[in-house]
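> Have a look at this one before I ask anything.
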Amino acid sequence: MNRTIFVSGIVLGILAVALGAFGAHGLEKLVEAEAIMTFETGVKYQMYHALFLLVLGSMRLLPQQKKKLPFYLIVAGVFLFSFSIYFLATNSLTQFDFKTIGFVTPIGGLLLILGWVVVGYSVWKSVET
């Protein structure tokens with residue numbers, strides 16, 4: 001499980017760097033400045049959670065079983081939160097109106113928060129005992 005978590009963090013980190021570069025250099029002539037700032041928000045949160053997964057995967061404090069739920073919450077949260085932001089920020093470039101699926105963004109944010117809460121609670125309980 002640690003390897004899966006760690007590799008997922010690396011892949012999300014690589015994608016965050018690539019998408020960040022695309023947002024900074026590829027979108028500047030295609031969308032408004034506000035849309036680029038929105039896109040960058042998705043990149044930041046993706047990178048934060050890529051780093052979170054690297055830490056989670058290397059934590060010896062938690063047993064493997066306690067890492068599964070936060071891993072799934074964070075990965076699902078990144079995809080729902082960050083990727084929906086990418087689509088919403090580039091909405092003007094497509095025929096599909098991504099605003100119709102914008103409701104998944106706060107769901108993704110909630111999953112990210114729950115991932116942090118689950119890890120925090122698990123660490124607290126493991127240190128307490």
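Residue names in the structure tokens use chain letters A, B, ... in the order shown, residue numbers from 1 in each chain, and ligand numbers from 1 in the order shown.
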Please identify all polymer residues within 12 Å of stretch 94-100 of chain A, counting only C-alpha atoms, omitting same-chain residues fewer than 3 positions from it, and present them as a list in words.

Leu30, Val31, Phe83, Ser84, Ile85, Tyr86, Phe87, Leu88, Ala89, Thr90, Asn91, Phe103, Val104 and Thr105 of chain A

> Skip A:Ala16 itself and residues of its chain fewer than 3 positions away, then list as a PDB file with C-alpha atoms, in the first residue's frame all residues within 7 Å of it, counting only C-alpha atoms.


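Once written, part26.pdb looks like this:
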ATOM      1  CA  LEU A  12      -0.147  13.708  -9.073  1.00  0.00           C
ATOM      2  CA  GLY A  13       2.924  15.870  -8.446  1.00  0.00           C
ATOM      3  CA  LEU A  19      -0.562  21.452 -15.659  1.00  0.00           C
ATOM      4  CA  GLY A  20       0.943  24.423 -13.827  1.00  0.00           C
ATOM      5  CA  VAL A  43      -2.844  23.112  -9.500  1.00  0.00           C
ATOM      6  CA  GLN A  46      -3.327  19.096  -6.453  1.00  0.00           C
ATOM      7  CA  MET A  47       0.307  19.693  -5.491  1.00  0.00           C
TER       8      MET A  47
END

> Can you list every residue in chain A that DSSP puts in helix (DSSP H, G or I), as a PyMOL selection string?

chain A and resi 2-26+33-58+64-89+91-93+98-101+104-128

> Report as a VMD selection string all protein, DNA and RNA residues lying within 12 Å of A:Lys68, evaluated on only C-alpha atoms, omitting residues in the same chain fewer than 4 positions from it.

chain A and resid 1 to 5 53 56 to 57 62 to 64 72 to 75 115 118 to 119 122
